[in-house]
$ cat coords-v9.cif   # mmCIF, C-alpha atoms
data_structure
loop_
_atom_site.label_atom_id
_atom_site.label_comp_id
_atom_site.auth_asym_id
_atom_site.auth_seq_id
_atom_site.Cartn_x
_atom_site.Cartn_y
_atom_site.Cartn_z
CA MET Q 1 25.42 102.24 -67.57
CA ASN Q 2 24.92 105.80 -66.31
CA LYS Q 3 25.20 105.85 -62.50
CA GLY Q 4 22.28 108.29 -62.15
CA LEU Q 5 20.09 106.01 -64.23
CA ILE Q 6 20.92 103.03 -62.02
CA SER Q 7 20.08 105.08 -58.92
CA GLY Q 8 16.76 105.99 -60.54
CA LEU Q 9 16.08 102.32 -61.30
CA VAL Q 10 16.83 101.40 -57.69
CA LEU Q 11 14.28 104.01 -56.58
CA LEU Q 12 11.79 102.61 -59.11
CA VAL Q 13 12.23 99.06 -57.81
CA ILE Q 14 11.81 100.19 -54.19
CA GLY Q 15 8.68 102.10 -55.24
CA LEU Q 16 7.28 99.03 -56.99
CA VAL Q 17 7.91 96.80 -53.97
CA CYS Q 18 6.21 99.37 -51.73
CA GLY Q 19 3.27 99.58 -54.17
CA VAL Q 20 2.79 95.80 -54.12
CA LEU Q 21 2.95 95.78 -50.32
CA LEU Q 22 0.36 98.56 -50.10
CA ALA Q 23 -1.93 96.74 -52.54
CA PHE Q 24 -1.67 93.59 -50.40
CA VAL Q 25 -2.50 95.42 -47.14
CA ASN Q 26 -5.29 97.30 -48.87
CA SER Q 27 -6.84 94.04 -50.11
CA ILE Q 28 -7.04 92.90 -46.47
CA THR Q 29 -8.20 96.14 -44.84
CA ALA Q 30 -10.54 97.59 -47.52
CA PRO Q 31 -13.39 95.06 -46.97
CA ILE Q 32 -13.13 95.54 -43.19
CA ILE Q 33 -13.21 99.33 -43.57
CA LYS Q 34 -16.29 99.04 -45.82
CA ASP Q 35 -18.02 96.65 -43.39
CA ASN Q 36 -17.30 99.02 -40.50
CA ALA Q 37 -18.71 101.95 -42.47
CA ASP Q 38 -21.87 100.00 -43.42
CA LYS Q 39 -22.36 98.81 -39.86
CA LEU Q 40 -21.97 102.37 -38.61
CA VAL Q 41 -24.55 103.61 -41.11
CA LEU Q 42 -27.10 100.94 -40.15
CA GLU Q 43 -26.54 101.51 -36.41
CA SER Q 44 -26.72 105.25 -36.87
CA LEU Q 45 -29.88 105.05 -38.97
CA GLY Q 46 -31.52 103.04 -36.18
CA GLU Q 47 -30.50 105.65 -33.65
CA VAL Q 48 -31.92 108.60 -35.55
CA TYR Q 49 -35.07 106.83 -36.69
CA ASP Q 50 -36.75 104.16 -34.56
CA GLY Q 51 -37.11 100.82 -36.30
CA ALA Q 52 -35.05 101.85 -39.33
CA SER Q 53 -34.03 98.22 -39.77
CA ASN Q 54 -37.69 97.31 -40.41
CA TYR Q 55 -37.72 99.27 -43.66
CA THR Q 56 -35.98 98.81 -46.97
CA LEU Q 57 -33.23 101.24 -47.79
CA ASP Q 58 -32.59 103.18 -50.97
CA GLU Q 59 -29.32 105.06 -51.08
CA VAL Q 60 -28.97 108.13 -53.29
CA GLU Q 61 -25.84 110.27 -53.79
CA GLY Q 62 -26.28 113.86 -52.71
CA SER Q 63 -24.57 117.12 -53.56
CA ASN Q 64 -22.87 120.01 -51.72
CA ASN Q 65 -23.00 119.45 -47.93
CA VAL Q 66 -25.53 116.62 -48.23
CA ASP Q 67 -23.47 113.66 -49.37
CA LYS Q 68 -26.06 110.89 -49.16
CA LEU Q 69 -29.80 110.39 -48.82
CA PHE Q 70 -31.23 107.20 -47.34
CA PHE Q 71 -34.88 106.62 -48.24
CA LEU Q 72 -36.62 104.35 -45.72
CA LYS Q 73 -39.46 102.63 -47.55
CA ASP Q 74 -42.30 100.46 -46.31
CA LYS Q 75 -41.55 96.84 -47.22
CA THR Q 76 -45.04 96.08 -48.54
CA SER Q 77 -46.33 99.31 -50.05
CA GLY Q 78 -42.95 100.78 -51.04
CA ASP Q 79 -44.01 104.20 -49.76
CA THR Q 80 -41.27 106.44 -48.41
CA VAL Q 81 -41.70 106.68 -44.64
CA ALA Q 82 -38.72 108.90 -43.88
CA ILE Q 83 -35.56 110.26 -45.44
CA ILE Q 84 -32.28 110.24 -43.57
CA TYR Q 85 -29.73 112.76 -44.80
CA SER Q 86 -26.03 112.23 -44.32
CA VAL Q 87 -24.64 115.73 -44.12
CA GLN Q 88 -21.28 117.32 -43.37
CA ALA Q 89 -19.94 120.73 -42.37
CA GLU Q 90 -16.59 122.11 -41.27
CA GLY Q 91 -16.24 122.62 -37.53
CA TYR Q 92 -13.38 124.22 -35.58
CA GLN Q 93 -10.72 121.63 -36.40
CA SER Q 94 -12.56 118.81 -38.15
CA THR Q 95 -15.36 117.87 -40.48
CA ILE Q 96 -18.57 117.17 -38.55
CA SER Q 97 -20.80 114.47 -40.03
CA MET Q 98 -24.44 114.18 -39.05
CA LEU Q 99 -27.42 112.03 -39.86
CA ILE Q 100 -30.71 113.90 -39.86
CA ALA Q 101 -33.99 112.01 -40.27
CA VAL Q 102 -36.93 113.84 -41.79
CA GLU Q 103 -40.54 112.59 -42.00
CA VAL Q 104 -43.89 114.04 -42.96
CA ASN Q 105 -46.18 114.77 -40.00
CA SER Q 106 -50.01 114.79 -39.90
CA SER Q 107 -50.03 118.41 -41.15
CA ASP Q 108 -48.00 117.40 -44.23
CA GLU Q 109 -44.94 119.24 -42.94
CA PHE Q 110 -41.38 117.91 -43.22
CA VAL Q 111 -40.24 117.65 -39.61
CA VAL Q 112 -37.05 116.41 -37.95
CA ALA Q 113 -37.63 112.87 -36.70
CA GLY Q 114 -34.17 112.45 -35.23
CA TYR Q 115 -30.52 113.45 -35.60
CA LYS Q 116 -27.09 112.37 -34.54
CA VAL Q 117 -23.50 113.56 -34.83
CA VAL Q 118 -21.84 110.44 -36.26
CA SER Q 119 -18.26 111.64 -36.50
CA GLN Q 120 -16.24 114.65 -35.39
CA GLY Q 121 -12.76 115.48 -34.18
CA GLU Q 122 -13.51 118.67 -32.29
CA THR Q 123 -11.68 119.91 -29.20
CA SER Q 124 -12.00 117.48 -26.34
CA GLY Q 125 -14.22 118.85 -23.57
CA ILE Q 126 -15.44 121.83 -25.64
CA GLY Q 127 -16.44 121.22 -29.27
CA ASP Q 128 -17.04 117.50 -28.75
CA LYS Q 129 -20.02 118.35 -26.50
CA ILE Q 130 -22.07 118.43 -29.74
CA VAL Q 131 -22.15 114.62 -29.54
CA GLY Q 132 -25.45 113.66 -27.94
CA TYR Q 133 -26.42 117.30 -27.33
CA ASP Q 134 -30.12 118.24 -27.58
CA PHE Q 135 -30.26 120.98 -30.23
CA ASN Q 136 -34.02 121.31 -29.65
CA MET Q 137 -34.83 120.41 -33.26
CA GLU Q 138 -36.86 117.23 -32.64
CA ASN Q 139 -40.29 117.48 -34.36
CA GLU Q 140 -39.47 120.99 -35.64
CA VAL Q 141 -40.13 121.87 -39.28
CA ILE Q 142 -36.76 121.35 -40.97
CA THR Q 143 -36.64 124.81 -42.59
CA ASN Q 144 -37.45 126.57 -39.33
CA MET Q 145 -34.25 127.14 -37.36
CA ALA Q 146 -35.85 129.44 -34.75
CA ALA Q 147 -35.91 126.70 -32.11
CA PHE Q 148 -32.25 125.69 -32.66
CA ASP Q 149 -30.27 125.72 -29.41
CA GLY Q 150 -26.45 125.54 -29.62
CA VAL Q 151 -23.68 124.49 -27.23
CA ALA Q 152 -22.47 127.46 -25.15
CA GLY Q 153 -18.76 128.13 -25.65
CA ALA Q 154 -18.44 126.00 -28.78
CA SER Q 155 -19.53 128.46 -31.45
CA PHE Q 156 -17.57 126.93 -34.37
CA SER Q 157 -18.84 123.41 -33.70
CA THR Q 158 -22.40 124.67 -33.09
CA THR Q 159 -22.33 126.67 -36.33
CA ALA Q 160 -21.28 123.53 -38.19
CA VAL Q 161 -24.24 121.60 -36.75
CA ARG Q 162 -26.57 124.47 -37.66
CA THR Q 163 -25.11 124.44 -41.20
CA CYS Q 164 -25.96 120.72 -41.39
CA PHE Q 165 -29.62 121.37 -40.49
CA GLU Q 166 -29.80 124.30 -42.91
CA ALA Q 167 -28.31 122.17 -45.71
CA VAL Q 168 -30.96 119.51 -45.15
CA GLY Q 169 -33.68 122.18 -45.04
CA ALA Q 170 -32.43 123.60 -48.36
CA ARG Q 171 -32.33 120.14 -49.91
CA VAL Q 172 -35.87 119.33 -48.75
CA ALA Q 173 -37.09 122.66 -50.12
CA ALA Q 174 -35.34 122.01 -53.44
CA ASP Q 175 -36.64 118.42 -53.78
CA PHE Q 176 -40.18 118.86 -52.49
CA GLY Q 177 -40.89 122.53 -53.14
CA GLY Q 178 -40.80 123.75 -49.55
CA ALA Q 179 -40.91 122.25 -46.13
CA ASN Q 180 -44.69 121.94 -46.05
CA MET S 1 28.14 102.06 -27.50
CA ASN S 2 26.42 98.85 -26.38
CA GLN S 3 22.81 98.00 -27.18
CA LYS S 4 21.57 99.11 -23.74
CA GLN S 5 23.16 102.57 -24.11
CA ASN S 6 21.89 102.69 -27.71
CA PHE S 7 18.34 102.04 -26.48
CA PHE S 8 18.35 104.35 -23.46
CA LYS S 9 19.91 107.34 -25.24
CA GLY S 10 16.60 107.82 -27.09
CA ILE S 11 14.66 107.91 -23.84
CA ILE S 12 16.81 110.33 -21.82
CA LYS S 13 20.03 111.74 -23.33
CA GLU S 14 18.72 112.29 -26.87
CA ASN S 15 14.98 112.30 -26.26
CA PRO S 16 13.56 113.43 -29.63
CA LEU S 17 10.93 115.72 -28.12
CA PHE S 18 12.52 117.13 -24.96
CA VAL S 19 16.19 117.26 -25.96
CA THR S 20 16.43 117.54 -29.74
CA ILE S 21 12.98 119.27 -29.99
CA LEU S 22 11.96 117.38 -33.13
CA GLY S 23 8.42 116.64 -34.35
CA THR S 24 6.79 119.17 -32.04
CA CYS S 25 3.89 120.15 -34.34
CA PRO S 26 1.91 116.86 -34.27
CA SER S 27 3.11 116.22 -30.72
CA LEU S 28 1.51 119.37 -29.35
CA ALA S 29 -1.63 118.90 -31.44
CA ILE S 30 -2.51 115.35 -30.43
CA THR S 31 -1.67 115.52 -26.71
CA THR S 32 -5.18 116.57 -25.71
CA SER S 33 -5.70 113.09 -24.25
CA LEU S 34 -3.48 110.34 -22.89
CA GLU S 35 -5.24 107.82 -25.12
CA ASN S 36 -4.28 109.80 -28.24
CA ALA S 37 -0.68 110.05 -27.04
CA ILE S 38 -0.42 106.29 -26.55
CA GLY S 39 -2.00 105.65 -29.97
CA MET S 40 0.33 108.11 -31.71
CA GLY S 41 3.28 106.62 -29.84
CA ILE S 42 2.44 103.11 -31.01
CA ALA S 43 2.02 104.32 -34.62
CA VAL S 44 5.37 106.13 -34.51
CA PHE S 45 7.01 103.10 -32.86
CA PHE S 46 5.90 100.84 -35.71
CA VAL S 47 6.98 103.29 -38.43
CA LEU S 48 10.29 104.29 -36.81
CA VAL S 49 11.48 100.76 -36.02
CA LEU S 50 10.55 99.37 -39.43
CA SER S 51 11.84 102.37 -41.40
CA ASN S 52 15.16 102.18 -39.54
CA LEU S 53 15.35 98.45 -40.26
CA ILE S 54 14.49 98.73 -43.96
CA ILE S 55 16.76 101.72 -44.61
CA SER S 56 19.59 100.01 -42.77
CA LEU S 57 19.06 96.83 -44.82
CA ILE S 58 19.10 98.87 -48.04
CA THR S 59 22.30 100.73 -47.13
CA VAL S 60 24.15 97.91 -45.32
CA ASN S 61 25.85 96.88 -48.58
CA PRO S 62 28.51 99.53 -49.50
CA LYS S 63 27.77 99.15 -53.25
CA MET S 64 24.03 99.58 -52.72
CA LYS S 65 24.69 102.51 -50.38
CA GLU S 66 26.70 104.21 -53.11
CA LEU S 67 23.88 103.65 -55.64
CA VAL S 68 21.16 104.91 -53.30
CA LYS S 69 23.17 107.96 -52.13
CA PRO S 70 21.97 110.41 -54.84
CA VAL S 71 18.32 109.39 -54.35
CA ARG S 72 18.43 108.60 -50.63
CA ILE S 73 15.87 111.21 -49.52
CA PRO S 74 13.20 110.01 -52.03
CA VAL S 75 13.99 106.43 -50.98
CA TYR S 76 13.49 107.31 -47.30
CA ILE S 77 10.24 109.09 -48.09
CA VAL S 78 8.91 106.17 -50.17
CA VAL S 79 9.71 103.68 -47.40
CA ILE S 80 8.32 105.87 -44.61
CA ALA S 81 5.19 106.83 -46.61
CA THR S 82 4.49 103.14 -47.30
CA LEU S 83 4.77 102.25 -43.61
CA VAL S 84 2.61 105.20 -42.57
CA THR S 85 -0.06 104.28 -45.13
CA ILE S 86 -0.07 100.72 -43.79
CA VAL S 87 -0.50 102.06 -40.23
CA GLU S 88 -3.30 104.33 -41.45
CA MET S 89 -5.15 101.49 -43.19
CA VAL S 90 -4.77 99.15 -40.21
CA LEU S 91 -5.99 101.81 -37.77
CA HIS S 92 -8.91 102.65 -40.06
CA ALA S 93 -9.90 98.98 -40.22
CA PHE S 94 -9.33 97.88 -36.63
CA LEU S 95 -9.16 100.98 -34.37
CA VAL S 96 -11.68 103.41 -35.87
CA ASP S 97 -11.97 105.63 -32.75
CA LEU S 98 -8.23 106.14 -32.55
CA TYR S 99 -8.07 106.69 -36.33
CA ASN S 100 -10.71 109.42 -36.02
CA SER S 101 -9.08 111.17 -33.07
CA LEU S 102 -5.58 111.19 -34.56
CA GLY S 103 -7.03 112.43 -37.86
CA VAL S 104 -4.64 114.23 -40.17
CA PHE S 105 -1.68 113.60 -37.88
CA ILE S 106 -1.37 109.97 -38.98
CA PRO S 107 -0.43 110.79 -42.61
CA LEU S 108 1.74 113.62 -41.27
CA ILE S 109 4.01 111.02 -39.61
CA VAL S 110 5.56 110.78 -43.11
CA VAL S 111 7.16 114.19 -42.66
CA ASN S 112 7.91 113.77 -38.95
CA CYS S 113 11.48 115.01 -38.48
CA ILE S 114 12.25 112.28 -35.94
CA ILE S 115 11.72 109.46 -38.44
CA LEU S 116 13.50 111.15 -41.35
CA GLY S 117 16.23 112.33 -38.95
CA ARG S 118 16.95 108.84 -37.60
CA ALA S 119 16.95 107.40 -41.13
CA GLU S 120 19.56 109.91 -42.29
CA ALA S 121 21.61 110.27 -39.10
CA PHE S 122 21.63 106.69 -37.82
CA ALA S 123 20.01 103.93 -39.89
CA SER S 124 21.89 104.75 -43.11
CA ASP S 125 25.28 104.40 -41.36
CA ASN S 126 24.64 101.53 -38.95
CA LYS S 127 23.85 97.81 -38.89
CA PRO S 128 20.20 96.65 -38.98
CA LEU S 129 20.13 95.45 -35.34
CA ASP S 130 21.63 98.70 -34.03
CA SER S 131 19.14 100.67 -36.15
CA VAL S 132 16.19 98.68 -34.77
CA VAL S 133 17.35 99.24 -31.18
CA ASP S 134 17.88 102.95 -31.91
CA GLY S 135 14.39 103.16 -33.42
CA MET S 136 12.86 101.41 -30.42
CA GLY S 137 14.62 103.71 -27.96
CA MET S 138 13.67 106.84 -29.87
CA ALA S 139 10.04 105.71 -30.25
CA VAL S 140 9.73 104.82 -26.55
CA GLY S 141 11.31 108.18 -25.63
CA TYR S 142 8.90 109.98 -27.94
CA THR S 143 5.90 108.06 -26.55
CA LEU S 144 6.89 108.78 -22.94
CA ALA S 145 7.31 112.47 -23.81
CA LEU S 146 3.87 112.56 -25.45
CA MET S 147 2.36 110.76 -22.45
CA SER S 148 3.87 113.19 -19.97
CA ILE S 149 2.54 116.23 -21.89
CA SER S 150 -0.92 114.71 -22.40
CA PHE S 151 -1.10 113.56 -18.76
CA PHE S 152 -0.88 117.13 -17.46
CA ARG S 153 -3.03 118.59 -20.25
CA GLU S 154 -5.88 116.12 -19.84
CA LEU S 155 -5.75 116.12 -16.06
CA LEU S 156 -5.77 119.91 -15.74
CA GLY S 157 -8.01 120.53 -18.75
CA ARG S 158 -10.70 117.94 -18.09
CA GLY S 159 -10.02 116.91 -14.52
CA LEU S 160 -10.40 113.31 -15.59
CA ILE S 161 -8.19 110.88 -17.47
CA THR S 162 -9.87 107.86 -19.02
CA ILE S 163 -8.05 105.27 -21.07
CA TRP S 164 -10.04 102.89 -23.26
CA GLY S 165 -13.30 104.06 -21.70
CA GLU S 166 -15.42 102.83 -24.60
CA LYS S 167 -13.54 99.60 -25.23
CA SER S 168 -13.30 98.19 -21.73
CA VAL S 169 -15.76 97.47 -18.91
CA ASN S 170 -13.10 98.53 -16.42
CA PRO S 171 -11.41 101.54 -18.03
CA ILE S 172 -8.32 103.04 -16.40
CA GLN S 173 -9.47 106.26 -14.75
CA LEU S 174 -7.87 109.06 -12.77
CA ASN S 175 -10.48 111.50 -11.52
CA LEU S 176 -9.52 114.89 -10.08
CA VAL S 177 -13.00 116.40 -10.44
CA PRO S 178 -13.80 116.02 -6.69
CA ILE S 179 -10.58 117.93 -5.88
CA PHE S 180 -11.52 120.68 -8.34
CA GLU S 181 -14.99 120.78 -6.75
CA PHE S 182 -13.47 120.92 -3.25
CA ILE S 183 -11.29 123.89 -4.23
CA GLY S 184 -14.31 125.41 -5.93
CA ILE S 185 -12.91 125.76 -9.46
CA GLU S 186 -13.67 124.23 -12.84
CA PRO S 187 -11.08 122.18 -14.79
CA ILE S 188 -8.85 124.60 -16.73
CA ASN S 189 -10.05 124.22 -20.34
CA MET S 190 -7.12 126.31 -21.56
CA PHE S 191 -4.88 123.26 -21.21
CA LEU S 192 -6.86 121.51 -23.97
CA GLN S 193 -6.24 124.45 -26.32
CA PRO S 194 -3.02 125.05 -28.32
CA VAL S 195 -1.87 127.59 -25.72
CA GLY S 196 -2.10 124.86 -23.07
CA ALA S 197 0.09 122.61 -25.20
CA PHE S 198 2.80 125.27 -25.47
CA LEU S 199 2.59 126.08 -21.75
CA THR S 200 2.82 122.44 -20.69
CA PHE S 201 5.67 121.78 -23.13
CA GLY S 202 7.48 124.90 -21.90
CA PHE S 203 7.07 124.00 -18.22
CA ILE S 204 8.35 120.46 -18.77
CA LEU S 205 11.36 121.78 -20.75
CA ALA S 206 12.06 124.30 -17.97
CA VAL S 207 11.95 121.61 -15.27
CA LEU S 208 14.23 119.34 -17.33
CA ALA S 209 16.64 122.24 -17.97
CA ALA S 210 16.68 123.08 -14.24
CA ILE S 211 17.50 119.46 -13.39
CA ALA S 212 20.25 119.36 -16.04
CA ASN S 213 21.72 122.66 -14.82
CA LYS S 214 21.72 121.45 -11.21
CA LYS S 215 23.43 118.26 -12.26
CA SER S 216 26.13 120.04 -14.25
CA ALA S 217 26.70 122.56 -11.44
CA LYS S 218 27.13 119.67 -8.99
CA MET S 219 29.56 117.96 -11.36
CA ALA S 220 31.51 121.20 -11.83
CA SER S 221 31.83 121.69 -8.06
CA GLU S 222 32.96 118.07 -7.64
CA VAL S 223 35.62 118.58 -10.32
CA LYS S 224 36.73 121.81 -8.58
CA GLN S 225 37.02 120.04 -5.22
CA ALA S 226 38.99 117.22 -6.80
#

$ encode --input "coords-v9.cif" --output "C-alpha cells"
Amino acid sequence: MNKGLISGLVLLVIGLVCGVLLAFVNSITAPIIKDNADKLVLESLGEVYDGASNYTLDEVEGSNNVDKLFFLKDKTSGDTVAIIYSVQAEGYQSTISMLIAVEVNSSDEFVVAGYKVVSQGETSGIGDKIVGYDFNMENEVITNMAAFDGVAGASFSTTAVRTCFEAVGARVAADFGGAN
Amino acid sequence: MNQKQNFFKGIIKENPLFVTILGTCPSLAITTSLENAIGMGIAVFFVLVLSNLIISLITVNPKMKELVKPVRIPVYIVVIATLVTIVEMVLHAFLVDLYNSLGVFIPLIVVNCIILGRAEAFASDNKPLDSVVDGMGMAVGYTLALMSISFFRELLGRGLITIWGEKSVNPIQLNLVPIFEFIGIEPINMFLQPVGAFLTFGFILAVLAAIANKKSAKMASEVKQA
C-alpha cells in the first residue's frame, strides 16, 4: 500500500482516538459546566434584584449586546415584576458581562433596580475595578445616562459598562415604546 | 545524561523562558498575578508531560516512527490540542475563576513553542520515561520562570500578592502597601501593563546574563591560572 496513504491512516486513527477521549471528558465536564453557569445566574439574579428566588423565571433569548432576558414573574398573579438583562460589551482586553435589573416605578418609568458585573478579564488593579463599583445608576431611568459615573483611569472598561446600560435602554425602548 | 541531569536542565541550563526564550507571548500576558502564573504553570505541566509521553510512545517503535514521520507535525498538533482541550474543559468545570483569568491563553497552549519544541526535539527521539522527565523539568522551569516574573509584577504593580484569596479562609498574602505608604508613593501600575512585563522580563534576563558572564569570566581566569 502507498506509504503516504498509511501515514494518513495513522493520523486518522490518532485523530479518532483523540476525538473519543474528548467526547468522554466532555460527557463528564459538560453537566458540571452547565450547573455552574445556572448557579451563577441564580446567584447573580439574587444579587441584582432582592428576593429574585421568590419569583418564577422566564428566560428569553436576546439579540445584539443583550444576549438573554430573565422575566421575574409573581408566582400567583403571573405579572412581570422585573426584567433582568444579561448584556455584554467589549472592554480593554476582555468581554464584560453584566446583569442589569429593570423594574417599573410608581411613576410608570423603567428604572434600574440593580446591576452587577458578572464576568470580566480586565487589567488587574485598573479595569477590574468595575467589579462592585457604584456607577450611580440605581433607581435612574434606564434611558437616562446623565447620572452615569465611571471608573477614573479605566476608560475602556468604563465605556464597556456604559455600552451595557445603553444596550438595555435601547432594548427597553424597543420592547415597551420608551423608558416611561 | 542521567535522569537527575535530564530533569534539572529544564530548570536552569535550558530554561525554556529565560535561556531558550520560547513561549514568551502568553508568558508575558498572564504574569499579572502570581495566581495566574501558578495556574498556567500547572496547565502547561499537564500538557507538556503527557504530550511528551504520548509522542514518545507513538515514535518509540522504529517502524511506527517511519510511518508517522511525514505527518509528524499534524500528529503532534492533534495530540497537544486534545490535551489542551481536556485542560480547558476541566478548568472550566472545576476552577472557573482560573479559567476566566487565563482566558484565551489556555487554548493558545496548543501553539506554545515549548510544547511543540520538546515534542520535535526530544520526545520523538527518546524513550517514554526520559521524555516524561524532560517534560517535567521543562514545565517546572517554565512555571518557576512565570512565578518569578509575576512575583515582581504583582508586588510592584499592586503592592500586594494574594494567592487563593477567594478560595481559602487563610489566603497566602504578601503586603507591601504599608511600605509604599511609608515612602509616600502609590504601587507602580505600569508593572501590570504590557510594558511592565517587558521591563521585568528584560531585567531578569539582564541579571541572569550578568551572573552567567561573571561565572564564565571566573572559569576563564581559573583556566588561565592553571

$ resolve_selection --input "coords-v9.cif" --expression "the PyMOL selection byres ((chain S) within 9 of (chain Q))" --output "VMD selection string"
chain S and resid 32 to 33 64 66 to 72 74 to 75 78 to 79 82 to 83 85 to 86 89 to 90 92 to 94 96 100 to 103 157 to 158 189 192 to 193

$ write_last_selection --input "coords-v9.cif" --atoms "C-alpha atoms" --output "PDB file, keeping the file's coordinate frame"
ATOM      1  CA  THR S  32      -5.180 116.570 -25.710  1.00  0.00           C
ATOM      2  CA  SER S  33      -5.700 113.090 -24.250  1.00  0.00           C
ATOM      3  CA  MET S  64      24.030  99.580 -52.720  1.00  0.00           C
ATOM      4  CA  GLU S  66      26.700 104.210 -53.110  1.00  0.00           C
ATOM      5  CA  LEU S  67      23.880 103.650 -55.640  1.00  0.00           C
ATOM      6  CA  VAL S  68      21.160 104.910 -53.300  1.00  0.00           C
ATOM      7  CA  LYS S  69      23.170 107.960 -52.130  1.00  0.00           C
ATOM      8  CA  PRO S  70      21.970 110.410 -54.840  1.00  0.00           C
ATOM      9  CA  VAL S  71      18.320 109.390 -54.350  1.00  0.00           C
ATOM     10  CA  ARG S  72      18.430 108.600 -50.630  1.00  0.00           C
ATOM     11  CA  PRO S  74      13.200 110.010 -52.030  1.00  0.00           C
ATOM     12  CA  VAL S  75      13.990 106.430 -50.980  1.00  0.00           C
ATOM     13  CA  VAL S  78       8.910 106.170 -50.170  1.00  0.00           C
ATOM     14  CA  VAL S  79       9.710 103.680 -47.400  1.00  0.00           C
ATOM     15  CA  THR S  82       4.490 103.140 -47.300  1.00  0.00           C
ATOM     16  CA  LEU S  83       4.770 102.250 -43.610  1.00  0.00           C
ATOM     17  CA  THR S  85      -0.060 104.280 -45.130  1.00  0.00           C
ATOM     18  CA  ILE S  86      -0.070 100.720 -43.790  1.00  0.00           C
ATOM     19  CA  MET S  89      -5.150 101.490 -43.190  1.00  0.00           C
ATOM     20  CA  VAL S  90      -4.770  99.150 -40.210  1.00  0.00           C
ATOM     21  CA  HIS S  92      -8.910 102.650 -40.060  1.00  0.00           C
ATOM     22  CA  ALA S  93      -9.900  98.980 -40.220  1.00  0.00           C
ATOM     23  CA  PHE S  94      -9.330  97.880 -36.630  1.00  0.00           C
ATOM     24  CA  VAL S  96     -11.680 103.410 -35.870  1.00  0.00           C
ATOM     25  CA  ASN S 100     -10.710 109.420 -36.020  1.00  0.00           C
ATOM     26  CA  SER S 101      -9.080 111.170 -33.070  1.00  0.00           C
ATOM     27  CA  LEU S 102      -5.580 111.190 -34.560  1.00  0.00           C
ATOM     28  CA  GLY S 103      -7.030 112.430 -37.860  1.00  0.00           C
ATOM     29  CA  GLY S 157      -8.010 120.530 -18.750  1.00  0.00           C
ATOM     30  CA  ARG S 158     -10.700 117.940 -18.090  1.00  0.00           C
ATOM     31  CA  ASN S 189     -10.050 124.220 -20.340  1.00  0.00           C
ATOM     32  CA  LEU S 192      -6.860 121.510 -23.970  1.00  0.00           C
ATOM     33  CA  GLN S 193      -6.240 124.450 -26.320  1.00  0.00           C
TER      34      GLN S 193
END

$ residues_around --input "coords-v9.cif" --residues "Pro187 of chain S" --least-positions-apart "5" --cutoff "10 Å" --atoms "only C-alpha atoms" --output "NGL selection string"
(:Q and (125)) or (:S and (154-160 or 176-177 or 179-181))

$ residues_around --input "coords-v9.cif" --residues "Ile114 of chain S" --least-positions-apart "2" --cutoff "7 Å" --atoms "only C-alpha atoms" --output "short mmCIF file (atom, residue, chain, number, x, y, z; two decimals) with C-alpha atoms, keeping the file's coordinate frame"
data_model
loop_
_atom_site.label_atom_id
_atom_site.label_comp_id
_atom_site.auth_asym_id
_atom_site.auth_seq_id
_atom_site.Cartn_x
_atom_site.Cartn_y
_atom_site.Cartn_z
CA PRO S 16 13.56 113.43 -29.63
CA LEU S 22 11.96 117.38 -33.13
CA GLY S 23 8.42 116.64 -34.35
CA ASN S 112 7.91 113.77 -38.95
CA LEU S 116 13.50 111.15 -41.35
CA GLY S 117 16.23 112.33 -38.95
CA ARG S 118 16.95 108.84 -37.60
#

$ atom_distance --input "coords-v9.cif" --atom1 "atom CA of Phe198 of chain S" --atom2 "atom CA of Ala145 of chain S"
13.7 Å

$ residues_near_point --input "coords-v9.cif" --point "(29.2, 98.8, -45.1)" --cutoff "12 Å" --atoms "all atoms listed in the file" --output "ChimeraX atom specification"
/S:56-66,123-128

$ closest_residue --input "coords-v9.cif" --among "S:Leu53, S:Ala43, S:Ile80, S:Val111" --to "Leu129 of chain S" --atoms "all atoms listed in the file"
S:Leu53

$ closest_residue --input "coords-v9.cif" --among "Q:Ser155, Q:Asn136, Q:Gln88, Q:Ser97" --to "Asn64 of chain Q" --atoms "only C-alpha atoms"
Q:Gln88

$ resolve_selection --input "coords-v9.cif" --expression "the PyMOL selection byres ((chain S and resi 207-222) around 12)" --output "PyMOL selection string"
chain S and resi 12-13+15+17-19+145+200-206+223-226
